[in-house]
$ cat my_file_23.csv   # CSV, C-alpha atoms
chain,number,residue,atom,x,y,z
N,1,MET,CA,67.6,-56.0,61.9
N,2,ASN,CA,71.1,-56.2,60.2
N,3,ARG,CA,70.1,-53.4,57.9
N,4,LEU,CA,69.8,-51.0,60.9
N,5,ASN,CA,72.9,-49.0,61.8
N,6,GLN,CA,74.4,-49.1,65.3
N,7,GLU,CA,72.5,-46.0,66.5
N,8,ALA,CA,69.2,-47.3,65.3
N,9,GLN,CA,69.8,-50.7,66.9
N,10,LEU,CA,70.6,-49.0,70.2
N,11,ALA,CA,67.5,-46.8,70.0
N,12,LEU,CA,65.3,-49.9,69.2
N,13,ALA,CA,67.0,-51.9,72.0
N,14,ASN,CA,66.3,-49.1,74.5
N,15,LEU,CA,62.6,-48.9,73.5
N,16,LEU,CA,62.1,-52.6,73.7
N,17,CYS,CA,63.9,-52.9,77.1
N,18,GLN,CA,61.9,-49.9,78.4
N,19,LYS,CA,58.7,-51.7,77.3
N,20,ILE,CA,59.8,-54.9,79.0
N,21,ALA,CA,60.5,-53.0,82.2
N,22,LEU,CA,57.2,-51.2,82.3
N,23,ASP,CA,55.2,-54.3,81.4
N,24,LEU,CA,56.9,-56.3,84.1
N,25,GLU,CA,56.2,-53.7,86.7
N,26,ALA,CA,52.6,-53.6,85.6
N,27,GLY,CA,52.4,-57.4,86.0
N,28,ASP,CA,52.0,-58.1,82.3
N,29,GLN,CA,54.4,-60.7,80.9
N,30,SER,CA,52.6,-61.2,77.6
N,31,THR,CA,55.0,-59.0,75.7
N,32,LEU,CA,58.1,-60.6,77.1
N,33,ASP,CA,58.5,-63.4,74.6
N,34,PRO,CA,58.2,-61.4,71.4
N,35,ALA,CA,60.3,-58.6,72.8
N,36,ILE,CA,63.1,-60.9,73.8
N,37,GLU,CA,63.0,-62.6,70.4
N,38,LEU,CA,63.5,-59.2,68.8
N,39,LEU,CA,66.3,-58.3,71.2
N,40,SER,CA,68.2,-61.4,70.3
N,41,GLU,CA,68.8,-60.0,66.9
N,42,ILE,CA,70.4,-56.8,68.2
N,43,GLU,CA,74.1,-56.4,68.4
N,44,MET,CA,75.7,-57.3,71.7
N,45,GLU,CA,77.0,-53.9,72.7
N,46,ALA,CA,73.7,-52.0,72.1
N,47,LEU,CA,71.9,-54.8,73.9
N,48,LEU,CA,74.1,-54.8,77.0
N,49,LEU,CA,73.7,-51.0,77.3
N,50,ALA,CA,69.9,-51.1,76.9
N,51,ILE,CA,69.3,-54.0,79.3
N,52,ARG,CA,71.5,-52.4,82.0
N,53,THR,CA,70.0,-48.9,81.7
N,54,GLN,CA,66.3,-49.7,81.0
N,55,ILE,CA,65.7,-53.0,82.7
N,56,GLY,CA,68.4,-53.0,85.4
N,57,ILE,CA,70.0,-55.7,87.5
N,58,GLU,CA,67.3,-55.6,90.2
N,59,ARG,CA,64.5,-56.4,87.8
N,60,ILE,CA,66.5,-59.1,86.2
N,61,ILE,CA,66.8,-60.8,89.6
N,62,LYS,CA,63.2,-60.0,90.7
N,63,TYR,CA,61.6,-61.4,87.6
N,64,ARG,CA,64.2,-64.2,87.2
N,65,LEU,CA,65.0,-63.1,83.6
N,66,ASP,CA,68.5,-64.6,84.1
N,67,GLU,CA,66.9,-68.0,84.3
N,68,ARG,CA,65.3,-67.7,80.9
N,69,LYS,CA,67.3,-69.6,78.2
N,70,ASP,CA,66.7,-66.8,75.7
N,71,PHE,CA,67.8,-64.0,78.0
N,72,ASN,CA,71.4,-64.4,78.8
N,73,PRO,CA,73.4,-61.9,76.8
N,74,LEU,CA,74.6,-60.0,79.9
N,75,LEU,CA,76.2,-63.1,81.4
N,76,ILE,CA,77.1,-65.7,78.9
N,77,SER,CA,79.1,-65.8,75.7
N,78,GLY,CA,77.0,-65.5,72.6
N,79,PHE,CA,77.9,-68.8,71.0
T,1,MET,CA,102.7,-87.3,69.9
T,2,SER,CA,101.2,-86.9,73.3
T,3,ASP,CA,97.6,-86.4,74.5
T,4,LEU,CA,99.0,-84.0,77.0
T,5,MET,CA,98.4,-80.4,75.9
T,6,LEU,CA,101.8,-78.8,76.4
T,7,ALA,CA,102.2,-75.1,77.3
T,8,LYS,CA,105.1,-74.8,74.9
T,9,PRO,CA,105.0,-77.0,71.8
T,10,ASP,CA,108.2,-78.2,70.2
T,11,LEU,CA,108.1,-76.9,66.6
T,12,LYS,CA,110.4,-77.5,63.7
T,13,ASP,CA,112.6,-74.7,62.3
T,14,GLY,CA,110.7,-72.0,60.4
T,15,TRP,CA,107.4,-72.4,62.1
T,16,ILE,CA,105.8,-69.5,64.0
T,17,ASP,CA,103.9,-70.4,67.1
T,18,THR,CA,100.7,-68.6,67.8
T,19,SER,CA,99.1,-71.3,69.8
T,20,VAL,CA,100.5,-70.5,73.3
T,21,GLY,CA,98.9,-67.7,75.2
T,22,GLU,CA,102.2,-66.1,76.2
T,23,ALA,CA,102.2,-62.3,76.4
T,24,HIS,CA,105.5,-61.6,74.6
T,25,LEU,CA,104.5,-58.2,73.5
T,26,VAL,CA,103.4,-57.1,77.0
T,27,ARG,CA,106.7,-58.4,78.4
T,28,ASP,CA,108.8,-56.6,75.8
T,29,ILE,CA,107.1,-53.3,76.7
T,30,LEU,CA,107.4,-54.0,80.4
T,31,LEU,CA,111.1,-54.7,80.2
T,32,ARG,CA,111.6,-51.5,78.2
T,33,SER,CA,109.8,-49.6,80.9
T,34,PHE,CA,111.1,-51.2,84.1
T,35,TYR,CA,114.4,-52.7,85.2
T,36,LEU,CA,114.2,-56.1,86.8
T,37,ASP,CA,117.3,-57.4,88.5
T,38,PRO,CA,116.8,-60.7,90.4
T,39,ILE,CA,120.4,-60.9,91.4
T,40,LYS,CA,120.2,-58.0,93.8
T,41,LEU,CA,117.4,-59.7,95.7
T,42,SER,CA,119.5,-62.6,97.0
T,43,VAL,CA,120.8,-60.5,99.9
T,44,SER,CA,117.6,-61.1,101.8
T,45,ASP,CA,117.6,-63.4,104.9
T,46,HIS,CA,114.2,-64.9,104.1
T,47,LEU,CA,115.1,-66.0,100.6
T,48,TRP,CA,116.0,-69.5,101.6
T,49,ASP,CA,113.1,-70.2,104.1
T,50,TYR,CA,109.8,-72.0,103.5
T,51,PRO,CA,107.3,-69.4,102.5
T,52,LYS,CA,104.1,-68.7,104.3
T,53,PRO,CA,100.9,-70.4,102.9
T,54,ASN,CA,99.5,-67.1,101.7
T,55,GLY,CA,102.8,-65.8,100.2
T,56,TYR,CA,105.8,-63.5,100.8
T,57,PRO,CA,104.5,-61.1,103.5
T,58,PRO,CA,105.5,-57.8,101.9
T,59,LEU,CA,104.0,-58.8,98.6
T,60,VAL,CA,100.8,-60.1,100.3
T,61,SER,CA,100.5,-56.9,102.3
T,62,PHE,CA,101.0,-54.8,99.1
T,63,LEU,CA,98.3,-56.7,97.2
T,64,GLU,CA,95.9,-56.7,100.2
T,65,GLU,CA,96.3,-53.0,100.5
T,66,ARG,CA,95.5,-52.6,96.7
T,67,TYR,CA,92.5,-55.0,96.6
T,68,LYS,CA,91.2,-54.4,100.2
T,69,HIS,CA,90.7,-58.2,100.6
T,70,PRO,CA,92.8,-61.1,101.7
T,71,VAL,CA,95.2,-62.4,99.1
T,72,VAL,CA,96.9,-65.8,98.5
T,73,ILE,CA,99.9,-66.0,96.1
T,74,THR,CA,99.9,-69.1,93.9
T,75,ASN,CA,102.2,-70.9,91.4
T,76,GLY,CA,100.6,-69.3,88.3
T,77,ALA,CA,96.9,-68.6,87.8
T,78,LYS,CA,96.6,-72.3,87.0
T,79,GLN,CA,97.2,-73.3,90.6
T,80,ALA,CA,94.9,-70.5,91.6
T,81,LEU,CA,92.2,-72.1,89.6
T,82,GLY,CA,93.0,-75.5,91.1
T,83,SER,CA,92.8,-73.9,94.6
T,84,VAL,CA,89.4,-72.4,93.8
T,85,CYS,CA,88.1,-75.8,92.6
T,86,TYR,CA,89.4,-77.3,95.8
T,87,ALA,CA,87.6,-74.6,97.8
T,88,PHE,CA,84.3,-75.3,95.9
T,89,LYS,CA,84.7,-79.0,96.6
T,90,ARG,CA,85.3,-78.4,100.3
T,91,MET,CA,82.2,-76.2,100.3
T,92,LYS,CA,80.3,-79.3,99.2
T,93,LYS,CA,79.7,-78.1,95.7
T,94,LYS,CA,79.4,-80.7,93.0
T,95,THR,CA,79.1,-78.8,89.8
T,96,VAL,CA,80.8,-75.7,88.3
T,97,GLY,CA,79.0,-73.6,85.6
T,98,LEU,CA,81.2,-72.4,82.7
T,99,SER,CA,80.5,-70.5,79.5
T,100,SER,CA,80.0,-72.8,76.4
T,101,ILE,CA,83.2,-71.2,75.0
T,102,TYR,CA,86.0,-71.8,77.5
T,103,TRP,CA,89.7,-72.1,78.0
T,104,ALA,CA,90.7,-75.6,77.0
T,105,LEU,CA,92.4,-76.4,80.3
T,106,ILE,CA,89.6,-75.4,82.6
T,107,PRO,CA,87.2,-78.4,82.3
T,108,PRO,CA,90.0,-81.0,83.0
T,109,MET,CA,91.1,-78.9,86.0
T,110,ILE,CA,87.5,-78.8,87.4
T,111,GLU,CA,87.2,-82.6,86.9
T,112,MET,CA,90.6,-83.2,88.4
T,113,HIS,CA,89.3,-81.8,91.6
T,114,GLY,CA,86.2,-84.1,91.7
T,115,LEU,CA,83.7,-81.6,90.3
T,116,LYS,CA,81.6,-81.7,87.2
T,117,THR,CA,81.5,-78.9,84.6
T,118,ILE,CA,78.1,-77.6,83.5
T,119,PHE,CA,78.6,-75.9,80.1
T,120,GLY,CA,76.3,-73.7,78.2
T,121,LYS,CA,74.0,-70.8,78.0
T,122,HIS,CA,72.0,-71.4,81.2
T,123,PRO,CA,74.6,-72.3,83.8
T,124,PHE,CA,72.8,-71.3,87.0
T,125,LEU,CA,71.7,-74.9,87.5
T,126,SER,CA,75.3,-75.4,88.8
T,127,ASP,CA,76.4,-75.2,92.5
T,128,ALA,CA,79.2,-72.8,91.7
T,129,TYR,CA,80.1,-70.5,88.8
T,130,LEU,CA,83.4,-69.7,87.2
T,131,THR,CA,83.7,-66.8,84.7
T,132,VAL,CA,86.8,-65.9,82.7
T,133,ALA,CA,86.4,-62.3,81.9
T,134,PRO,CA,87.6,-61.1,79.5
T,135,SER,CA,87.2,-64.6,78.2
T,136,ASN,CA,89.9,-66.8,76.8
T,137,PRO,CA,89.6,-67.4,73.8
T,138,ASP,CA,86.8,-65.2,72.5
T,139,GLY,CA,87.3,-62.0,74.6
T,140,PHE,CA,83.7,-62.0,75.7
T,141,MET,CA,83.1,-59.6,78.6
T,142,PRO,CA,80.0,-60.4,80.6
T,143,ASP,CA,78.4,-57.7,82.8
T,144,LEU,CA,80.2,-58.6,85.9
T,145,ASP,CA,78.0,-56.5,88.2
T,146,CYS,CA,75.0,-58.4,86.9
T,147,LEU,CA,76.7,-61.8,87.1
T,148,GLN,CA,77.8,-61.2,90.6
T,149,THR,CA,74.3,-60.1,91.7
T,150,VAL,CA,72.7,-63.1,90.0
T,151,CYS,CA,75.1,-65.5,91.7
T,152,GLN,CA,74.5,-63.8,95.1
T,153,SER,CA,70.7,-64.0,94.6
T,154,LYS,CA,71.0,-67.7,94.0
T,155,ASN,CA,73.6,-68.3,96.7
T,156,ILE,CA,76.1,-69.6,94.2
T,157,PRO,CA,79.8,-68.9,95.0
T,158,MET,CA,81.3,-67.2,92.0
T,159,ALA,CA,85.0,-67.1,91.0
T,160,HIS,CA,86.2,-64.5,88.5
T,161,ASP,CA,89.3,-65.5,86.5
T,162,GLY,CA,90.7,-62.0,85.8
T,163,ALA,CA,93.8,-63.1,83.9
T,164,TYR,CA,93.0,-60.6,81.2
T,165,TYR,CA,91.2,-58.2,83.5
T,166,THR,CA,94.1,-55.6,83.5
T,167,HIS,CA,94.7,-52.4,81.6
T,168,ALA,CA,97.1,-54.2,79.2
T,169,TYR,CA,93.9,-55.7,77.7
T,170,LEU,CA,91.2,-53.3,78.7
T,171,PRO,CA,91.1,-49.5,78.1
T,172,VAL,CA,92.9,-47.6,80.9
T,173,THR,CA,89.7,-45.6,81.5
T,174,GLN,CA,87.9,-48.8,82.6
T,175,GLU,CA,87.5,-49.1,86.4
T,176,LEU,CA,88.8,-52.5,87.6
T,177,LYS,CA,86.9,-53.9,90.6
T,178,VAL,CA,86.9,-57.0,92.8
T,179,TYR,CA,84.2,-59.4,91.8
T,180,GLY,CA,83.0,-62.7,93.1
T,181,ASP,CA,84.0,-64.8,96.1
T,182,ALA,CA,87.5,-65.3,94.6
T,183,GLN,CA,89.2,-63.3,91.9
T,184,ILE,CA,92.2,-64.8,90.1
T,185,PHE,CA,95.1,-62.9,88.5
T,186,SER,CA,98.0,-64.1,86.4
T,187,ILE,CA,101.4,-62.5,86.4
T,188,SER,CA,102.1,-64.2,83.1
T,189,LYS,CA,99.3,-62.2,81.5
T,190,MET,CA,99.5,-59.1,83.6
T,191,PHE,CA,103.1,-58.5,82.9
T,192,GLY,CA,104.2,-61.2,80.4
T,193,LEU,CA,106.4,-62.7,83.1
T,194,SER,CA,105.4,-66.4,82.5
T,195,GLY,CA,108.7,-67.7,83.8
T,196,LEU,CA,108.1,-66.4,87.3
T,197,ARG,CA,105.1,-68.8,87.6
T,198,LEU,CA,103.1,-66.5,89.7
T,199,GLY,CA,99.5,-65.8,90.2
T,200,PHE,CA,97.3,-64.7,93.1
T,201,VAL,CA,93.8,-65.0,94.4
T,202,VAL,CA,91.9,-62.1,96.0
T,203,CYS,CA,89.5,-63.7,98.4
T,204,PRO,CA,86.5,-61.7,99.6
T,205,ASN,CA,84.9,-64.9,100.9
T,206,PRO,CA,86.7,-65.9,104.2
T,207,GLU,CA,85.7,-69.6,103.9
T,208,MET,CA,87.3,-69.8,100.4
T,209,TYR,CA,90.3,-67.9,101.7
T,210,ARG,CA,90.9,-70.6,104.3
T,211,PHE,CA,90.5,-73.5,101.9
T,212,ILE,CA,92.7,-71.8,99.3
T,213,GLN,CA,95.5,-71.4,101.9
T,214,GLU,CA,95.0,-75.0,102.9
T,215,TYR,CA,95.4,-76.1,99.2
T,216,MET,CA,98.6,-74.1,98.9
T,217,GLU,CA,100.2,-75.5,102.0
T,218,ALA,CA,99.2,-79.1,101.1
T,219,SER,CA,100.1,-79.1,97.4
T,220,THR,CA,103.3,-77.1,97.1
T,221,VAL,CA,104.0,-75.5,100.5
T,222,GLY,CA,103.6,-72.1,99.0
T,223,VAL,CA,105.4,-70.3,96.1
T,224,SER,CA,109.1,-69.6,95.4
T,225,VAL,CA,110.2,-66.6,97.5
T,226,VAL,CA,112.6,-65.5,94.7
T,227,SER,CA,109.8,-65.1,92.2
T,228,GLN,CA,107.7,-63.2,94.7
T,229,MET,CA,110.5,-60.9,95.5
T,230,VAL,CA,111.0,-60.1,91.8
T,231,LEU,CA,107.3,-59.3,91.5
T,232,MET,CA,107.4,-57.2,94.7
T,233,ASP,CA,110.3,-55.2,93.3
T,234,LEU,CA,108.4,-54.5,90.1
T,235,LEU,CA,105.2,-53.5,91.9
T,236,THR,CA,107.2,-51.2,94.1
T,237,GLN,CA,108.8,-49.5,91.1
T,238,MET,CA,105.3,-49.1,89.5
T,239,LYS,CA,104.0,-47.6,92.7
T,240,LYS,CA,106.9,-45.1,92.8
T,241,ASP,CA,106.4,-44.2,89.2
T,242,PRO,CA,102.6,-44.4,88.4
T,243,VAL,CA,103.0,-42.4,85.2
T,244,ARG,CA,105.4,-44.9,83.8
T,245,ALA,CA,103.1,-47.7,84.9
T,246,LEU,CA,100.2,-46.1,83.2
T,247,GLN,CA,102.3,-45.7,80.1
T,248,PHE,CA,103.2,-49.4,80.1
T,249,HIS,CA,99.5,-50.3,80.2
T,250,GLN,CA,98.6,-47.9,77.5
T,251,ASP,CA,101.4,-49.0,75.3
T,252,SER,CA,100.5,-52.6,75.7
T,253,TYR,CA,96.9,-52.0,74.9
T,254,ASP,CA,97.8,-49.9,71.9
T,255,ALA,CA,100.3,-52.4,70.6
T,256,LEU,CA,97.7,-55.2,70.8
T,257,ARG,CA,95.2,-53.1,69.0
T,258,VAL,CA,97.7,-52.4,66.2
T,259,ASN,CA,98.2,-56.1,65.8
T,260,LYS,CA,94.5,-56.7,65.8
T,261,GLU,CA,94.0,-54.1,63.1
T,262,ALA,CA,96.8,-55.6,61.0
T,263,LEU,CA,95.2,-59.1,61.1
T,264,LEU,CA,92.1,-57.8,59.3
T,265,ASN,CA,94.3,-57.9,56.2
T,266,ILE,CA,94.4,-61.8,56.2
T,267,SER,CA,92.5,-63.0,53.2
T,268,SER,CA,88.9,-63.7,54.1
T,269,ASP,CA,89.0,-67.1,52.4
T,270,ILE,CA,91.5,-68.2,55.0
T,271,LEU,CA,90.0,-66.7,58.1
T,272,ASP,CA,86.5,-65.2,58.6
T,273,ILE,CA,87.5,-62.3,60.9
T,274,ASN,CA,84.8,-60.1,62.4
T,275,THR,CA,85.9,-56.5,61.9
T,276,LYS,CA,84.7,-55.7,65.4
T,277,MET,CA,87.4,-57.9,66.8
T,278,VAL,CA,89.6,-54.8,67.1
T,279,GLU,CA,87.4,-53.7,70.0
T,280,VAL,CA,87.3,-57.1,71.6
T,281,PRO,CA,89.4,-57.3,74.8
T,282,GLY,CA,92.0,-59.9,75.4
T,283,MET,CA,95.1,-61.1,73.5
T,284,PHE,CA,93.7,-63.6,71.0
T,285,LEU,CA,92.2,-63.7,67.6
T,286,TRP,CA,89.2,-66.0,67.7
T,287,ALA,CA,87.9,-66.6,64.2
T,288,ARG,CA,86.2,-69.2,62.0
T,289,CYS,CA,88.8,-70.9,59.8
T,290,GLN,CA,88.1,-71.3,56.1
T,291,ASP,CA,91.3,-73.0,55.1
T,292,TRP,CA,93.2,-75.1,57.6
T,293,GLU,CA,95.8,-76.2,54.9
T,294,ALA,CA,96.9,-72.5,54.5
T,295,PHE,CA,98.3,-72.5,58.0
T,296,HIS,CA,100.2,-75.7,57.4
T,297,LYS,CA,101.6,-74.3,54.1
T,298,ALA,CA,102.6,-71.0,55.8
T,299,LYS,CA,104.1,-72.9,58.8
T,300,ILE,CA,101.9,-71.0,61.3
T,301,HIS,CA,101.1,-73.1,64.3
T,302,ILE,CA,97.6,-72.4,65.6
T,303,ILE,CA,95.3,-74.0,68.1
T,304,ASP,CA,92.0,-75.7,67.0
T,305,GLY,CA,88.9,-74.1,68.5
T,306,GLU,CA,87.6,-77.6,69.2
T,307,HIS,CA,89.6,-77.6,72.4
T,308,PHE,CA,87.7,-74.5,73.5
T,309,GLY,CA,84.2,-75.8,72.6
T,310,ALA,CA,83.9,-74.5,69.1
T,311,PRO,CA,85.1,-76.7,66.2
T,312,GLY,CA,85.8,-74.8,63.1
T,313,TYR,CA,87.4,-71.9,64.9
T,314,ILE,CA,91.0,-71.1,65.6
T,315,ARG,CA,92.7,-69.2,68.5
T,316,MET,CA,95.8,-67.2,67.7
T,317,ASN,CA,98.0,-65.4,70.1
T,318,LEU,CA,98.2,-61.7,69.2
T,319,SER,CA,100.7,-60.7,71.9
T,320,LEU,CA,103.6,-61.1,69.5
T,321,LYS,CA,106.0,-58.6,68.0
T,322,HIS,CA,104.3,-56.6,65.3
T,323,SER,CA,107.0,-57.8,62.8
T,324,GLN,CA,105.9,-61.4,63.5
T,325,ILE,CA,102.3,-60.5,63.0
T,326,LEU,CA,103.2,-59.0,59.6
T,327,GLU,CA,105.1,-62.1,58.7
T,328,ILE,CA,102.1,-64.3,59.6
T,329,ILE,CA,99.9,-62.2,57.4
T,330,LYS,CA,102.4,-62.2,54.6
T,331,ARG,CA,102.9,-66.0,54.7
T,332,LEU,CA,99.1,-66.7,54.9
T,333,ASN,CA,98.2,-64.4,52.0
T,334,ASN,CA,101.1,-65.8,50.0
T,335,THR,CA,99.4,-69.2,50.0
T,336,ARG,CA,96.8,-67.5,47.8
T,337,ILE,CA,99.3,-66.5,45.1
T,338,LYS,CA,99.3,-69.1,42.3

$ encode --input "my_file_23.csv" --output "structure tokens"
Amino acid sequence: MNRLNQEAQLALANLLCQKIALDLEAGDQSTLDPAIELLSEIEMEALLLAIRTQIGIERIIKYRLDERKDFNPLLISGF
Amino acid sequence: MSDLMLAKPDLKDGWIDTSVGEAHLVRDILLRSFYLDPIKLSVSDHLWDYPKPNGYPPLVSFLEERYKHPVVITNGAKQALGSVCYAFKRMKKKTVGLSSIYWALIPPMIEMHGLKTIFGKHPFLSDAYLTVAPSNPDGFMPDLDCLQTVCQSKNIPMAHDGAYYTHAYLPVTQELKVYGDAQIFSISKMFGLSGLRLGFVVCPNPEMYRFIQEYMEASTVGVSVVSQMVLMDLLTQMKKDPVRALQFHQDSYDALRVNKEALLNISSDILDINTKMVEVPGMFLWARCQDWEAFHKAKIHIIDGEHFGAPGYIRMNLSLKHSQILEIIKRLNNTRIK
């Protein structure tokens, strides 16, 4: 992932987040774990933008994504 | 040697202090832009009276008009934090969630008010939540809209410490909004006027507003009227001359950025500085230290990241004169010359 430039990381983050959003709405959570694992390697700025625009706050609340230990970049410092 | 963490360390001659989060640079720019004259304020009749629990009425009205919510003036943001902890306690909360990287003085403050701090990456197991955004020390900026919605969905009161949530530390194009049940501001950080000892809390939550006023009345019977009048005078000047106020913020932000860019020249075997730190909001350098001895040799006083939850890191105040920043870089890099 580190070899991808910022633009590529943003594009990838958008695709992954869009996939998460669509799958969640379709009631399929099977892709969530691997998608989030991939997202964790993406730079914070691209990640914030993709999560906000593709998944959105409403879905984060509805599907309790904020309660997942591996899904907190929007809220908590990355250390 | 004392266990008490002093706001102002007593250093020997020749040392440069970067440990204290005092916004010298912002203050210098402010005092070049606006004229503050505390002497002329002493003609007021109300100067010598006990203040009201929420503050000097003209100042409170001014701030309430700006933020569209009730406001309580405090003795610095530190007392504002104390008052918020007290309010949490009165609301029968037992734990306060906090990021795993935190301002060193917050956990003791929380515990001093009979609450327990819950650190870490998954803090919504707590009864209340405190976010410092932009964060001290690492400048992390959470998505405040999302954080607020999450806290509301779980019925957790949220306080936003916005000490660095001003255009001196964030781009002037960024919209500043009221977040949480209580939002804390610091005049020390907003204008660099630490000596006034002023802060304030914007209180969208009426219950917290009541408890915060109760705390102010019970602990210090309000805040010095003289300090509040100086601030009122400054804010009035800024309102009358918005262009100059905007320029002050832009100049402060730019000057901090210039200092951040300069620090990238510190040898990487002394400090491992992320090049993206130039874009990170706030007034601190937060970096992994590779050589502690270099700081001692260069007589640069820094603060150990251990106090902020990250051993191995240092926090350095960047709101210093540019000439001082250049001197720090020179001294540190000179430790590499054999």

$ residues_around --input "my_file_23.csv" --residues "Thr335 in chain T" --least-positions-apart "2" --cutoff "7 Å" --atoms "only C-alpha atoms" --output "PyMOL selection string"
chain T and resi 294+297-298+331-333+337

$ residues_around --input "my_file_23.csv" --residues "range 144-155 of chain T" --least-positions-apart "6" --cutoff "7 Å" --atoms "all atoms listed in the file" --output "PyMOL selection string"
(chain N and resi 57+61+75) or (chain T and resi 179-180)

$ residues_around --input "my_file_23.csv" --residues "Leu63 in chain T" --least-positions-apart "6" --cutoff "12 Å" --atoms "only C-alpha atoms" --output "JSON, numbers by chain"
{"T": [54, 55, 56, 57, 69, 70, 71, 72, 73, 185, 199, 200, 201, 202, 203, 228, 231, 232, 235, 236, 239]}

$ atom_distance --input "my_file_23.csv" --atom1 "CA of Leu198 in chain T" --atom2 "CA of Val278 in chain T"
28.8 Å

$ closest_residue --input "my_file_23.csv" --among "N:Ser30, N:Ile55, N:Leu48, N:Ala21" --to "chain T" --atoms "all atoms listed in the file"
N:Leu48

$ closest_atom_pairs --input "my_file_23.csv" --of "chain T" --to "chain N" --cutoff "7 Å" --atoms "only C-alpha atoms" --output "tab-separated table"
residue	atom	partner	partner_atom	distance
T:Ser99	CA	N:Ile76	CA	5.9
T:Ile101	CA	N:Ser77	CA	6.8
T:Lys121	CA	N:Ile76	CA	6.0
T:His122	CA	N:Lys69	CA	5.9
T:Phe140	CA	N:Ser77	CA	6.0
T:Pro142	CA	N:Leu75	CA	4.7
T:Asp143	CA	N:Leu74	CA	5.3
T:Cys146	CA	N:Ile57	CA	5.7
T:Leu147	CA	N:Leu75	CA	5.9
T:Val150	CA	N:Ile61	CA	6.3

$ closest_residue --input "my_file_23.csv" --among "N:Leu39, N:Leu47, N:Leu65, N:Leu32" --to "Glu7 in chain N" --atoms "all atoms listed in the file"
N:Leu47

$ atom_distance --input "my_file_23.csv" --atom1 "CA of Ile187 in chain T" --atom2 "CA of Gln247 in chain T"
18.0 Å

$ residues_around --input "my_file_23.csv" --residues "Asp138 in chain T" --least-positions-apart "4" --cutoff "8 Å" --atoms "all atoms listed in the file" --output "list in words"
Ile101, Gly282, Phe284, Leu285 and Trp286 of chain T

$ write_last_selection --input "my_file_23.csv" --atoms "C-alpha atoms" --output "compact mmCIF listing (two decimals), in the coordinates of the input"
# COMPACT_ATOMS: atom_id res chain seq x y z
CA ILE T 101 83.20 -71.20 75.00
CA GLY T 282 92.00 -59.90 75.40
CA PHE T 284 93.70 -63.60 71.00
CA LEU T 285 92.20 -63.70 67.60
CA TRP T 286 89.20 -66.00 67.70

$ residues_around --input "my_file_23.csv" --residues "Pro204 in chain T" --least-positions-apart "3" --cutoff "12 Å" --atoms "only C-alpha atoms" --output "ChimeraX atom specification"
/T:64,67-72,157-160,177-184,201,207-210,212

$ atom_distance --input "my_file_23.csv" --atom1 "CA of Phe308 in chain T" --atom2 "CA of Ala104 in chain T"
4.7 Å

$ closest_residue --input "my_file_23.csv" --among "N:Ser40, N:Gln54, N:Glu45, N:Thr31" --to "Leu10 in chain N" --atoms "only C-alpha atoms"
N:Glu45

$ residues_near_point --input "my_file_23.csv" --point "(90.7, -64.6, 69.7)" --cutoff "10 Å" --atoms "only C-alpha atoms" --output "ChimeraX atom specification"
/T:135-140,260,273,277,280-287,305,313-318

$ closest_residue --input "my_file_23.csv" --among "T:Val221, T:Ile300, T:Ala245, T:Leu36" --to "Val172 in chain T" --atoms "all atoms listed in the file"
T:Ala245

$ decode --input "my_file_23.csv" --residues "range 37-55 of chain N" --atoms "C-alpha atoms" --output "PDB file, in the first residue's frame"
ATOM      1  CA  GLU N  37      -8.139  -4.614   7.131  1.00  0.00           C
ATOM      2  CA  LEU N  38      -7.130  -3.146   3.773  1.00  0.00           C
ATOM      3  CA  LEU N  39      -8.438   0.286   4.740  1.00  0.00           C
ATOM      4  CA  SER N  40      -6.258   0.303   7.849  1.00  0.00           C
ATOM      5  CA  GLU N  41      -3.196   0.593   5.628  1.00  0.00           C
ATOM      6  CA  ILE N  42      -4.440   3.686   3.815  1.00  0.00           C
ATOM      7  CA  GLU N  43      -3.278   7.140   4.811  1.00  0.00           C
ATOM      8  CA  MET N  44      -5.507   8.930   7.293  1.00  0.00           C
ATOM      9  CA  GLU N  45      -6.487  11.868   5.091  1.00  0.00           C
ATOM     10  CA  ALA N  46      -7.669   9.711   2.174  1.00  0.00           C
ATOM     11  CA  LEU N  47      -9.371   7.365   4.581  1.00  0.00           C
ATOM     12  CA  LEU N  48     -11.336  10.115   6.352  1.00  0.00           C
ATOM     13  CA  LEU N  49     -12.541  11.499   3.053  1.00  0.00           C
ATOM     14  CA  ALA N  50     -13.595   8.103   1.692  1.00  0.00           C
ATOM     15  CA  ILE N  51     -15.420   7.012   4.845  1.00  0.00           C
ATOM     16  CA  ARG N  52     -17.301  10.309   5.097  1.00  0.00           C
ATOM     17  CA  THR N  53     -18.319  10.437   1.446  1.00  0.00           C
ATOM     18  CA  GLN N  54     -18.957   6.751   0.676  1.00  0.00           C
ATOM     19  CA  ILE N  55     -20.120   5.197   3.946  1.00  0.00           C
TER      20      ILE N  55
END
